[in-house]
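Engineer: Next up is a structure, given as structure tokens.
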Amino acid sequence: MKRLWLPLTLILLIAGGLFIGQVSPGDAPDDLTVGISIGNLAPDFTGTTLEGETIQLSDFRGQIVLLNDFATWCGPCLAETPHLVEVFNAEGGEVMFIGLNLQETDAIVAGYRDEFNITYPLVMDPNGELTSIYRPVGLPTSWFIDPEGVIRYVHAGPMTKPMLEEAINAVREGREPDVFSVLN
């Protein structure tokens, strides 16, 4: 009987982590605290892409931004990346995707980019400075940021194409996403 508690506890913790941050987009506080939770103003950052370009998150104000924390060694990230690429390409530049890599070398990330034909910016974080700002719940973790720079949805774990589309459309429409409804 004692052997069942550990796996059951782990399953409950993981399932609970998947639901972190799922509240209504209308719940943003009036004072817009800077932070990484829903309703917070997303912390601005300056980062260097794999190609050596310097970008700032605030450069993309006026657009929906999907910030995705990933690593090339992460199995769920590997499963999610083709969906990210497909949705990014389908959006035709209306939604900016930014991949935030977790402390890997340029060569490793370049191989990953080439393998999946990633065309959205991959920001390198060799010292973990950006990851210390956007603290992932696990890998991958995605933050969906509205055109005003407010975080509207956070998802820990891999997302499929329908889940990504639902989350983006919900941000676009100013409603709470129901990414789990598309799994049925």
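Labels used: A, B, ... for chains in the order of the structure tokens, numbers from 1 for residues in each chain, and numbers from 1 for ligands as shown.
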Using DSSP on the backbone coordinates, identify the residues of chain A assigned to strand (DSSP E); present them as an NGL selection string.
Structural biologist: :A and (46-49 or 54-56 or 64-70 or 95-101 or 122-124 or 141-145 or 151-156)
Engineer: Find the spatial neighbours of Phe97 in chain A, counting only C-alpha atoms, within a cut-off of 12 Å - ignore same-chain residues fewer than 3 positions away - and output them as a PyMOL selection string.
Structural biologist: chain A and resi 57+60+63-69+81+84-94+100+118-123+142-145+164+168
Engineer: Between A:Glu104, A:Asp31, A:Asp146, A:Asp178, which one has atoms that come closest to Glu166 in chain A, using only C-alpha atoms?
Structural biologist: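 When distances to Glu166 in chain A are compared using only C-alpha atoms, the smallest one comes from A:Asp178.
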Engineer: Taking only C-alpha atoms into account, name the residue in A:Leu78, A:Pro140, A:Glu115, A:Pro126 that is nearest to Gly47 in chain A.
Structural biologist: A:Pro126
Engineer: Taking 5 positions as the minimum chain separation for residues in the same chain, which residues sit within 8 Å of His83 in chain A when counting only C-alpha atoms? Answer as a PDB file with C-alpha atoms, in the first residue's frame.
Structural biologist:
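Generated file (out_32.pdb):
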```
ATOM      1  CA  MET A 159       1.148  21.700 -26.278  1.00  0.00           C
ATOM      2  CA  THR A 160      -0.324  20.331 -29.489  1.00  0.00           C
ATOM      3  CA  LYS A 161      -1.369  22.367 -32.504  1.00  0.00           C
ATOM      4  CA  LEU A 164      -1.732  26.331 -29.203  1.00  0.00           C
TER       5      LEU A 164
END
```
